[in-house]
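Below is the file coords-v8.csv, which contains CSV, C-alpha atoms and all ligand atoms.
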```csv
chain,number,residue,atom,x,y,z
A,1,MET,CA,-290.5,72.5,-46.7
A,2,ASN,CA,-286.6,72.0,-47.1
A,3,ASN,CA,-284.9,69.5,-44.9
A,4,ILE,CA,-283.3,71.1,-41.7
A,5,ARG,CA,-280.2,69.5,-40.3
A,6,ILE,CA,-280.2,69.7,-36.5
A,7,VAL,CA,-277.6,69.2,-33.7
A,8,ILE,CA,-279.1,68.7,-30.2
A,9,ALA,CA,-277.0,69.5,-27.1
A,10,GLY,CA,-278.1,67.8,-23.9
A,11,PRO,CA,-279.8,64.8,-25.6
A,12,ARG,CA,-280.1,62.7,-22.3
A,13,GLY,CA,-281.8,65.5,-20.4
A,14,ARG,CA,-285.5,65.6,-19.8
A,15,MET,CA,-286.1,68.3,-22.4
A,16,GLY,CA,-283.3,67.0,-24.7
A,17,SER,CA,-284.7,63.5,-24.9
A,18,GLU,CA,-288.1,64.9,-25.9
A,19,ALA,CA,-286.3,67.0,-28.6
A,20,VAL,CA,-284.5,63.9,-29.9
A,21,ASN,CA,-288.0,62.3,-30.3
A,22,LEU,CA,-289.4,65.4,-32.0
A,23,VAL,CA,-286.5,65.8,-34.5
A,24,SER,CA,-286.4,62.1,-35.3
A,25,THR,CA,-290.1,61.9,-36.0
A,26,THR,CA,-290.5,65.1,-38.0
A,27,GLU,CA,-290.3,64.5,-41.7
A,28,HIS,CA,-288.4,67.6,-42.7
A,29,PHE,CA,-286.0,67.5,-39.7
A,30,THR,CA,-282.8,65.4,-39.7
A,31,LEU,CA,-280.8,64.8,-36.5
A,32,VAL,CA,-277.2,65.0,-37.7
A,33,ALA,CA,-275.3,64.8,-34.3
A,34,VAL,CA,-275.7,65.3,-30.6
A,35,VAL,CA,-273.4,67.0,-28.1
A,36,ASP,CA,-273.1,65.2,-24.7
A,37,HIS,CA,-270.4,66.0,-22.2
A,38,LYS,CA,-270.3,62.4,-20.9
A,39,TYR,CA,-269.7,60.6,-24.3
A,40,ASP,CA,-267.5,61.0,-27.4
A,41,GLY,CA,-266.9,59.0,-30.5
A,42,ILE,CA,-269.9,56.7,-30.1
A,43,MET,CA,-273.3,56.6,-31.8
A,44,LEU,CA,-276.5,57.8,-30.1
A,45,SER,CA,-277.9,54.3,-30.5
A,46,ASP,CA,-275.2,53.1,-28.1
A,47,ILE,CA,-276.7,55.1,-25.3
A,48,ASP,CA,-279.6,53.6,-23.2
A,49,GLY,CA,-283.0,54.8,-24.4
A,50,PHE,CA,-281.9,55.7,-27.9
A,51,GLN,CA,-281.3,52.2,-29.5
A,52,SER,CA,-283.8,53.0,-32.3
A,53,ILE,CA,-282.1,56.2,-33.4
A,54,HIS,CA,-279.6,55.3,-36.1
A,55,SER,CA,-276.5,57.0,-37.6
A,56,VAL,CA,-276.3,59.9,-35.2
A,57,PRO,CA,-272.7,60.5,-33.9
A,58,VAL,CA,-272.1,61.8,-30.4
A,59,TYR,CA,-269.5,64.5,-29.7
A,60,ARG,CA,-268.3,65.7,-26.3
A,61,ASP,CA,-267.1,69.0,-27.7
A,62,ILE,CA,-269.4,71.4,-29.7
A,63,GLU,CA,-266.5,72.8,-31.8
A,64,ASN,CA,-265.3,69.3,-32.8
A,65,CYS,CA,-269.0,68.5,-33.6
A,66,LEU,CA,-269.5,71.5,-35.9
A,67,LYS,CA,-266.2,71.0,-37.6
A,68,ASN,CA,-267.2,67.5,-38.6
A,69,VAL,CA,-270.9,67.7,-39.5
A,70,ASP,CA,-272.9,70.1,-41.7
A,71,ALA,CA,-275.7,71.5,-39.6
A,72,ASP,CA,-278.3,74.3,-40.0
A,73,VAL,CA,-279.6,74.6,-36.4
A,74,LEU,CA,-278.4,73.8,-32.9
A,75,ILE,CA,-281.1,73.1,-30.3
A,76,ASP,CA,-279.5,73.7,-26.8
A,77,LEU,CA,-281.2,72.2,-23.8
A,78,THR,CA,-278.3,72.1,-21.2
A,79,THR,CA,-277.3,74.5,-18.5
A,80,PRO,CA,-276.7,78.3,-18.6
A,81,GLU,CA,-272.9,77.9,-18.0
A,82,VAL,CA,-272.3,75.6,-21.1
A,83,GLY,CA,-275.4,76.8,-23.1
A,84,MET,CA,-273.8,80.2,-23.7
A,85,HIS,CA,-270.6,78.6,-25.0
A,86,HIS,CA,-272.6,76.3,-27.3
A,87,THR,CA,-274.7,79.2,-28.6
A,88,THR,CA,-271.7,81.5,-29.4
A,89,THR,CA,-269.8,78.5,-31.0
A,90,ALA,CA,-272.8,77.6,-33.2
A,91,LEU,CA,-273.0,81.2,-34.4
A,92,SER,CA,-269.3,81.2,-35.2
A,93,TYR,CA,-270.0,78.2,-37.5
A,94,ASN,CA,-273.0,80.0,-39.1
A,95,VAL,CA,-275.3,77.5,-37.4
A,96,ARG,CA,-278.5,79.1,-36.1
A,97,PRO,CA,-279.2,78.4,-32.4
A,98,VAL,CA,-282.6,77.6,-30.9
A,99,VAL,CA,-282.1,77.8,-27.2
A,100,GLY,CA,-284.4,76.5,-24.5
A,101,THR,CA,-281.8,76.6,-21.8
A,102,THR,CA,-282.7,79.2,-19.1
A,103,GLY,CA,-280.6,81.4,-16.9
A,104,PHE,CA,-278.8,83.5,-19.5
A,105,THR,CA,-277.9,86.9,-18.1
A,106,LYS,CA,-278.8,90.3,-19.6
A,107,ASN,CA,-275.1,90.5,-20.7
A,108,ASP,CA,-275.3,87.1,-22.4
A,109,LEU,CA,-278.4,88.2,-24.3
A,110,GLU,CA,-276.8,91.5,-25.4
A,111,GLU,CA,-273.7,89.7,-26.5
A,112,LEU,CA,-275.7,87.2,-28.6
A,113,GLU,CA,-277.8,90.1,-30.2
A,114,ARG,CA,-274.5,91.8,-31.1
A,115,ILE,CA,-273.1,88.6,-32.8
A,116,CYS,CA,-276.3,87.9,-34.7
A,117,LYS,CA,-276.3,91.5,-36.0
A,118,GLU,CA,-272.7,91.3,-37.1
A,119,LYS,CA,-273.2,87.9,-38.8
A,120,GLU,CA,-276.8,88.5,-40.0
A,121,LEU,CA,-277.8,85.2,-38.5
A,122,GLY,CA,-281.0,84.0,-36.9
A,123,CYS,CA,-281.0,82.9,-33.2
A,124,ILE,CA,-284.0,82.3,-31.0
A,125,ILE,CA,-283.7,82.2,-27.2
A,126,ALA,CA,-287.0,81.0,-25.7
A,127,PRO,CA,-287.3,80.8,-21.9
A,128,ASN,CA,-290.6,78.9,-22.4
A,129,PHE,CA,-291.6,76.9,-25.5
A,130,ALA,CA,-295.2,76.2,-24.3
A,131,ILE,CA,-297.7,78.1,-26.3
A,132,GLY,CA,-300.0,78.4,-23.3
A,133,ALA,CA,-297.2,80.0,-21.2
A,134,ILE,CA,-296.7,82.6,-24.0
A,135,LEU,CA,-300.4,83.5,-23.8
A,136,MET,CA,-300.1,83.6,-20.0
A,137,MET,CA,-297.3,86.2,-20.4
A,138,LYS,CA,-299.2,88.2,-23.0
A,139,PHE,CA,-302.4,88.2,-20.9
A,140,SER,CA,-300.4,89.3,-17.9
A,141,GLN,CA,-298.9,92.2,-19.9
A,142,MET,CA,-302.4,93.3,-20.9
A,143,ALA,CA,-303.7,93.1,-17.3
A,144,ALA,CA,-300.7,95.1,-16.0
A,145,LYS,CA,-301.9,98.2,-17.8
A,146,TYR,CA,-304.9,98.2,-15.4
A,147,PHE,CA,-303.4,96.7,-12.3
A,148,ASN,CA,-299.9,97.7,-11.0
A,149,ASP,CA,-299.8,95.6,-7.9
A,150,ILE,CA,-298.5,92.3,-9.0
A,151,GLU,CA,-297.0,89.1,-7.5
A,152,ILE,CA,-295.5,86.4,-9.8
A,153,ILE,CA,-295.4,82.9,-8.3
A,154,GLU,CA,-293.5,80.4,-10.4
A,155,LEU,CA,-293.5,76.7,-9.4
A,156,HIS,CA,-291.0,74.1,-10.7
A,157,HIS,CA,-289.6,70.6,-10.0
A,158,ASP,CA,-286.8,70.5,-7.5
A,159,LYS,CA,-284.1,69.6,-10.1
A,160,LYS,CA,-284.3,73.1,-11.6
A,161,LEU,CA,-280.9,74.9,-11.3
A,162,ASP,CA,-281.9,78.6,-11.8
A,163,ALA,CA,-284.3,80.8,-9.8
A,164,PRO,CA,-286.3,82.7,-10.6
A,165,SER,CA,-287.3,80.8,-13.8
A,166,GLY,CA,-286.6,82.3,-17.2
A,167,THR,CA,-290.3,82.6,-17.7
A,168,ALA,CA,-290.8,84.6,-14.5
A,169,VAL,CA,-288.0,87.0,-15.5
A,170,LYS,CA,-289.5,87.3,-19.0
A,171,THR,CA,-293.0,87.9,-17.6
A,172,ALA,CA,-291.6,90.6,-15.3
A,173,GLU,CA,-289.8,92.3,-18.2
A,174,MET,CA,-293.0,92.3,-20.3
A,175,ILE,CA,-295.1,93.6,-17.4
A,176,SER,CA,-292.5,96.3,-16.6
A,177,SER,CA,-292.7,97.7,-20.1
A,178,VAL,CA,-296.3,98.7,-19.6
A,179,ARG,CA,-296.8,98.9,-15.8
A,180,GLU,CA,-296.8,102.3,-14.0
A,181,LYS,CA,-293.8,102.1,-11.7
A,182,LYS,CA,-294.7,101.3,-8.1
A,183,GLN,CA,-292.8,99.9,-5.0
A,184,GLN,CA,-295.4,97.4,-3.7
A,185,GLY,CA,-296.2,96.6,-0.1
A,186,HIS,CA,-296.0,98.7,3.0
A,187,PRO,CA,-293.2,101.3,2.9
A,188,ASN,CA,-292.1,100.2,6.4
A,189,GLU,CA,-292.4,96.5,5.7
A,190,LYS,CA,-289.7,94.3,7.3
A,191,GLU,CA,-288.8,90.7,6.5
A,192,THR,CA,-288.5,88.8,9.8
A,193,ILE,CA,-287.1,85.8,7.7
A,194,ASN,CA,-284.8,86.7,4.8
A,195,GLY,CA,-286.5,86.3,1.4
A,196,ALA,CA,-290.0,86.2,2.7
A,197,ARG,CA,-291.2,88.8,0.2
A,198,GLY,CA,-289.4,87.1,-2.7
A,199,ALA,CA,-287.2,88.8,-5.3
A,200,ASP,CA,-287.8,92.5,-6.1
A,201,TYR,CA,-288.2,93.4,-9.8
A,202,ASP,CA,-289.1,97.0,-10.3
A,203,GLY,CA,-291.0,97.0,-7.1
A,204,MET,CA,-293.1,93.9,-7.8
A,205,HIS,CA,-292.2,90.5,-6.3
A,206,ILE,CA,-291.3,87.1,-7.8
A,207,HIS,CA,-291.6,83.9,-5.7
A,208,SER,CA,-289.9,80.6,-6.7
A,209,VAL,CA,-291.4,77.4,-5.4
A,210,ARG,CA,-289.4,74.1,-5.9
A,211,LEU,CA,-291.2,70.7,-5.2
A,212,PRO,CA,-290.9,67.2,-6.5
A,213,GLY,CA,-294.0,66.3,-8.6
A,214,LEU,CA,-294.2,69.7,-10.3
A,215,ILE,CA,-293.1,70.3,-13.9
A,216,ALA,CA,-293.4,74.0,-14.9
A,217,HIS,CA,-296.2,76.3,-13.6
A,218,GLN,CA,-296.7,80.0,-13.1
A,219,GLN,CA,-299.4,82.2,-11.7
A,220,VAL,CA,-299.5,86.0,-11.9
A,221,LEU,CA,-301.6,87.6,-9.2
A,222,PHE,CA,-303.0,91.1,-9.7
A,223,GLY,CA,-304.6,93.1,-6.9
A,224,ALA,CA,-306.7,96.3,-6.7
A,225,ASP,CA,-309.3,97.7,-4.3
A,226,GLY,CA,-311.8,94.9,-3.6
A,227,GLN,CA,-310.6,92.6,-6.4
A,228,THR,CA,-307.9,90.2,-7.5
A,229,LEU,CA,-307.2,88.6,-10.9
A,230,THR,CA,-305.2,85.4,-11.3
A,231,ILE,CA,-303.7,84.2,-14.6
A,232,ARG,CA,-302.2,80.7,-14.4
A,233,HIS,CA,-300.5,78.3,-16.8
A,234,ASP,CA,-299.4,74.7,-16.1
A,235,SER,CA,-297.2,72.4,-18.1
A,236,TYR,CA,-297.9,68.8,-17.0
A,237,ASN,CA,-295.2,67.2,-19.2
A,238,ARG,CA,-292.2,68.1,-21.4
A,239,ALA,CA,-294.0,67.2,-24.6
A,240,SER,CA,-296.0,70.5,-23.9
A,241,PHE,CA,-292.9,72.4,-25.0
A,242,MET,CA,-292.2,70.5,-28.3
A,243,SER,CA,-294.7,72.3,-30.6
A,244,GLY,CA,-292.9,75.5,-29.7
A,245,VAL,CA,-289.5,74.0,-30.4
A,246,LYS,CA,-290.7,72.9,-33.8
A,247,VAL,CA,-292.0,76.4,-34.7
A,248,ALA,CA,-288.8,78.0,-33.4
A,249,VAL,CA,-286.6,75.7,-35.6
A,250,GLU,CA,-288.7,76.4,-38.7
A,251,THR,CA,-288.7,80.1,-38.0
A,252,VAL,CA,-285.0,80.6,-37.2
A,253,MET,CA,-284.2,79.3,-40.7
A,254,LYS,CA,-286.1,82.2,-42.2
A,255,GLN,CA,-284.7,84.9,-39.9
A,256,ASN,CA,-281.4,86.9,-39.9
A,257,HIS,CA,-281.7,88.5,-36.5
A,258,PHE,CA,-281.8,87.8,-32.7
A,259,VAL,CA,-285.1,86.9,-31.0
A,260,TYR,CA,-285.6,86.6,-27.3
A,261,GLY,CA,-289.0,85.1,-26.4
A,262,LEU,CA,-291.3,82.9,-28.5
A,263,GLU,CA,-294.0,85.5,-28.3
A,264,ASN,CA,-292.0,87.5,-30.8
A,265,ILE,CA,-292.4,84.9,-33.5
A,266,LEU,CA,-296.0,83.9,-33.0
A,267,ASP,CA,-298.8,85.8,-34.8
B,1,LIG,P1,-281.8,68.1,-17.4
B,1,LIG,O1,-282.7,67.0,-17.4
B,1,LIG,O2,-280.9,68.3,-16.2
B,1,LIG,O3,-280.9,68.1,-18.7
B,1,LIG,C1,-279.8,68.9,-18.9
B,1,LIG,C2,-278.9,68.1,-19.8
B,1,LIG,O4,-277.7,68.9,-20.1
B,1,LIG,C3,-278.4,66.8,-19.2
B,1,LIG,O5,-278.4,65.8,-20.1
B,1,LIG,C4,-277.0,67.1,-18.7
B,1,LIG,O6,-276.1,66.0,-18.7
B,1,LIG,C5,-276.5,68.1,-19.8
B,1,LIG,N1,-275.4,68.8,-19.5
B,1,LIG,C6,-275.0,69.3,-18.3
B,1,LIG,N2,-273.8,69.9,-18.4
B,1,LIG,C7,-273.4,69.8,-19.7
B,1,LIG,C8,-272.3,70.2,-20.4
B,1,LIG,N3,-271.2,70.8,-19.8
B,1,LIG,N4,-272.2,69.9,-21.7
B,1,LIG,C9,-273.2,69.2,-22.3
B,1,LIG,N5,-274.3,68.8,-21.7
B,1,LIG,C10,-274.4,69.1,-20.4
B,1,LIG,O7,-282.6,69.5,-17.5
B,1,LIG,P2,-284.0,69.8,-18.4
B,1,LIG,O8,-285.1,69.8,-17.5
B,1,LIG,O9,-283.9,69.0,-19.6
B,1,LIG,O10,-283.7,71.3,-18.8
B,1,LIG,C11,-282.7,71.7,-19.6
B,1,LIG,C12,-282.7,73.2,-19.7
B,1,LIG,O11,-283.9,73.6,-20.4
B,1,LIG,C13,-282.7,74.0,-18.4
B,1,LIG,O12,-282.0,75.2,-18.5
B,1,LIG,C14,-284.2,74.2,-18.1
B,1,LIG,O13,-284.4,75.3,-17.3
B,1,LIG,C15,-284.6,74.5,-19.5
B,1,LIG,N6,-286.1,74.3,-19.8
B,1,LIG,C16,-286.6,75.1,-20.8
B,1,LIG,C17,-287.9,75.0,-21.1
B,1,LIG,C18,-288.4,75.9,-22.2
B,1,LIG,O14,-289.6,75.8,-22.6
B,1,LIG,N7,-287.6,76.8,-22.8
B,1,LIG,C19,-288.7,74.1,-20.5
B,1,LIG,C20,-288.1,73.2,-19.5
B,1,LIG,C21,-286.8,73.4,-19.2
B,1,LIG,P3,-275.9,65.2,-17.3
B,1,LIG,O15,-277.3,64.6,-17.0
B,1,LIG,O16,-274.9,64.2,-17.6
B,1,LIG,O17,-275.5,66.2,-16.3
```
Once you've parsed the file, please lay out its structure as structure tokens.
Ligand code: NAP
Amino acid sequence: MNNIRIVIAGPRGRMGSEAVNLVSTTEHFTLVAVVDHKYDGIMLSDIDGFQSIHSVPVYRDIENCLKNVDADVLIDLTTPEVGMHHTTTALSYNVRPVVGTTGFTKNDLEELERICKEKELGCIIAPNFAIGAILMMKFSQMAAKYFNDIEIIELHHDKKLDAPSGTAVKTAEMISSVREKKQQGHPNEKETINGARGADYDGMHIHSVRLPGLIAHQQVLFGADGQTLTIRHDSYNRASFMSGVKVAVETVMKQNHFVYGLENILD
């Protein structure tokens, strides 16, 4: 396989540091630079925890980075505010984005799809890189053909910035595409404490739990007369996401269009 030159944005983050490890230990990947809003003009090996990663320059600004290094792929693992800027800038330099950052809006996704079409460039936005989570979403979509009363409960660590999670939104979208429309619960139901029933997505509900000790977990509950079905996935560490990042980087190099969701590139 040809060598793929990669820039990582957010290298000190929990996901970003796993991605640095993945890229620097994969034979056909080369880490050519990182983008970090706290440092500029130093080498990655100057930052605590990365002493063994040699010859990788650090840039504060993505534009300056892409002007100075030749890259094929940007892996973005930052925040939605800056992630969208990173992604559009990468596309403007003909660098293919693989984005794990969650919290992009529908407008952001439409804008990215438009740019990719115009430039005929690949871009993969994946709210969840864990293969088991993709299966959990697919199985939920299958079950939603038979059960249309559904509650999605996503559980994450308390440092997470966006709610509901990108995975929960993506699950709700996939379910919605096959579920017979229904406003769930009692028609006269009243919340005595605001938010008690969670967020309403097409009449089903999404609940976000935030607790220290958790990583990324989701269960989808289906109910019908006399029965319930629960589909659950748990990520116990961030390494669980890295096989999906690797597949996404390899795939984005072969594609010339926009993809939202890892399920669209797995067989
Ligand atoms: P994190 O540990 O907080 O890492 C975020 C990184 O982005 C930090 O290094 C942070 O630097 C950096 N950052 C913040 N603002 C920036 C800016 N303006 N420019 C450049 N870098 C900036 O979070 P995480 O747990 O790694 O998650 C990162 C993203 O991935 C989140 O959106 C999360 O929801 C998502 N995620 C996706 C998956 C998936 O499978 N797709 C899985 C887990 C998480 P400072 O520390 O200096 O602020």
Problem set entry | Selection as a list in words: residues within 6 Å of ligand LIG 1 (chain B) by only C-alpha atoms and all ligand atoms |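 The neighbouring residues of ligand LIG 1 (chain B) are, in order, Gly10, Pro11, Arg12, Gly13, Arg14, Met15, Gly16, Asp36, His37, Lys38, Leu77, Thr78, Thr79, Val82, Gly100, Thr101, Thr102, Ala126, Pro127, Asn128, Phe129, Ala130 and Phe241 of chain A.
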For this session: Return the single residue from A:Asp76, A:Asp40, A:Glu120, A:Glu113 that is closest to A:Met253, with distances computed using all atoms listed in the file.
Result: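 Checking each of A:Asp76, A:Asp40, A:Glu120, A:Glu113 against A:Met253, counting all atoms listed in the file, the winner is A:Glu120.
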Problem set entry | Selection: 10 Å around A:Leu135, all atoms listed in the file, excl. self and same-chain fewer than 3 positions, as number ranges by chain | A: 130-132, 138-141, 231-233, 263
For this session: Between A:Lys117, A:Arg5, A:His86, A:Lys145, single out the one closest to A:Glu180, counting all atoms listed in the file.
Result: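 Closest to A:Glu180, using all atoms listed in the file: A:Lys145.
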Problem set entry | Coordinates-based distance that separates atom CA of A:Glu63 from atom CA of A:Thr89 (Å, one decimal) |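 Between these atoms lies a distance of 6.6 Å.
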Exercise. Rounded to one decimal in Å, what is the spacing between atom CA of A:Val99 and atom CA of A:Glu250?
Worked result: 13.3 Å
For this session: Please indicate the distance in Å from atom CA of A:Met43 to atom CA of A:Val56, rounded to one decimal place.
Result: 5.6 Å
Seminar exercise, completed: Using all atoms listed in the file, the residue out of A:Met84, A:Val20, A:Ile62, A:Gly122 with shortest distance to A:Phe258 is A:Gly122
Exercise. Of the residues A:Gln255, A:Asn2, A:Ser240, A:Ser176, which is the one nearest to A:Gly203, using only C-alpha atoms?
Worked result: A:Ser176
Exercise. Taking only C-alpha atoms into account, which of A:Asp46, A:Glu111, A:Glu154, A:Asp149 comes nearest A:Phe222?
Worked result: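 Result for the nearest residue to A:Phe222: A:Asp149.
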For this session: Tell me which of A:Met1, A:Leu221, A:Ile8, A:Pro164 sits closest to A:His28, counting all atoms listed in the file.
Result: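 Among the listed residues, A:Met1 lies closest to A:His28.
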For this session: Find the residues around A:Tyr59 up to 7 Å (all atoms listed in the file counted), leave out those fewer than 6 positions away in its own chain, and share them as number ranges by chain.
Result: A: 34-36, 39-41, 65
Find the residues with any atom within 12 Å of (-291.0, 86.1, 1.0); use only C-alpha atoms and the coordinates as given in the file, and write the answer as a CSV table (one decimal) with C-alpha atoms, keeping the file's coordinate frame.
```csv
chain,number,residue,atom,x,y,z
A,151,GLU,CA,-297.0,89.1,-7.5
A,152,ILE,CA,-295.5,86.4,-9.8
A,153,ILE,CA,-295.4,82.9,-8.3
A,185,GLY,CA,-296.2,96.6,-0.1
A,189,GLU,CA,-292.4,96.5,5.7
A,190,LYS,CA,-289.7,94.3,7.3
A,191,GLU,CA,-288.8,90.7,6.5
A,192,THR,CA,-288.5,88.8,9.8
A,193,ILE,CA,-287.1,85.8,7.7
A,194,ASN,CA,-284.8,86.7,4.8
A,195,GLY,CA,-286.5,86.3,1.4
A,196,ALA,CA,-290.0,86.2,2.7
A,197,ARG,CA,-291.2,88.8,0.2
A,198,GLY,CA,-289.4,87.1,-2.7
A,199,ALA,CA,-287.2,88.8,-5.3
A,200,ASP,CA,-287.8,92.5,-6.1
A,204,MET,CA,-293.1,93.9,-7.8
A,205,HIS,CA,-292.2,90.5,-6.3
A,206,ILE,CA,-291.3,87.1,-7.8
A,207,HIS,CA,-291.6,83.9,-5.7
A,208,SER,CA,-289.9,80.6,-6.7
A,209,VAL,CA,-291.4,77.4,-5.4
```
Exercise. If we count all atoms listed in the file, what is near A:Val98 at a cut-off of 7 Å, once residues fewer than 3 positions away on the same chain are taken out, given as a list in words?
Worked result: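 Residues meeting the cut-off are Val73, Leu74, Ile75, Asp76, Cys123, Ile124, Ile125, Ala248 and Val249 of chain A.
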Missing atoms in stretch 190-201 of chain A should be modelled up to N, CA and C atoms and reported as a JSON list (two decimals), in the frame of the given file.
```json
[["chain", "number", "residue", "atom", "x", "y", "z"],
["A", 190, "LYS", "N", -290.95, 94.93, 6.92],
["A", 190, "LYS", "CA", -289.70, 94.30, 7.30],
["A", 190, "LYS", "C", -289.79, 92.80, 7.18],
["A", 191, "GLU", "N", -288.77, 92.17, 6.59],
["A", 191, "GLU", "CA", -288.80, 90.70, 6.50],
["A", 191, "GLU", "C", -288.23, 90.15, 7.82],
["A", 192, "THR", "N", -288.99, 89.35, 8.54],
["A", 192, "THR", "CA", -288.50, 88.80, 9.80],
["A", 192, "THR", "C", -287.70, 87.46, 9.44],
["A", 193, "ILE", "N", -287.97, 86.89, 8.27],
["A", 193, "ILE", "CA", -287.10, 85.80, 7.70],
["A", 193, "ILE", "C", -286.70, 86.27, 6.34],
["A", 194, "ASN", "N", -285.38, 86.24, 6.09],
["A", 194, "ASN", "CA", -284.80, 86.70, 4.80],
["A", 194, "ASN", "C", -285.52, 86.06, 3.62],
["A", 195, "GLY", "N", -285.90, 86.86, 2.61],
["A", 195, "GLY", "CA", -286.50, 86.30, 1.40],
["A", 195, "GLY", "C", -287.97, 86.10, 1.44],
["A", 196, "ALA", "N", -288.59, 86.43, 2.59],
["A", 196, "ALA", "CA", -290.00, 86.20, 2.70],
["A", 196, "ALA", "C", -290.86, 86.86, 1.65],
["A", 197, "ARG", "N", -290.42, 88.03, 1.20],
["A", 197, "ARG", "CA", -291.20, 88.80, 0.20],
["A", 197, "ARG", "C", -290.75, 88.45, -1.23],
["A", 198, "GLY", "N", -289.82, 87.50, -1.38],
["A", 198, "GLY", "CA", -289.40, 87.10, -2.70],
["A", 198, "GLY", "C", -288.40, 88.09, -3.32],
["A", 199, "ALA", "N", -288.16, 87.94, -4.63],
["A", 199, "ALA", "CA", -287.20, 88.80, -5.30],
["A", 199, "ALA", "C", -287.95, 90.09, -5.76],
["A", 200, "ASP", "N", -287.24, 91.21, -5.69],
["A", 200, "ASP", "CA", -287.80, 92.50, -6.10],
["A", 200, "ASP", "C", -287.48, 92.80, -7.53],
["A", 201, "TYR", "N", -288.48, 92.96, -8.39],
["A", 201, "TYR", "CA", -288.20, 93.40, -9.80],
["A", 201, "TYR", "C", -289.04, 94.61, -10.03]]
```
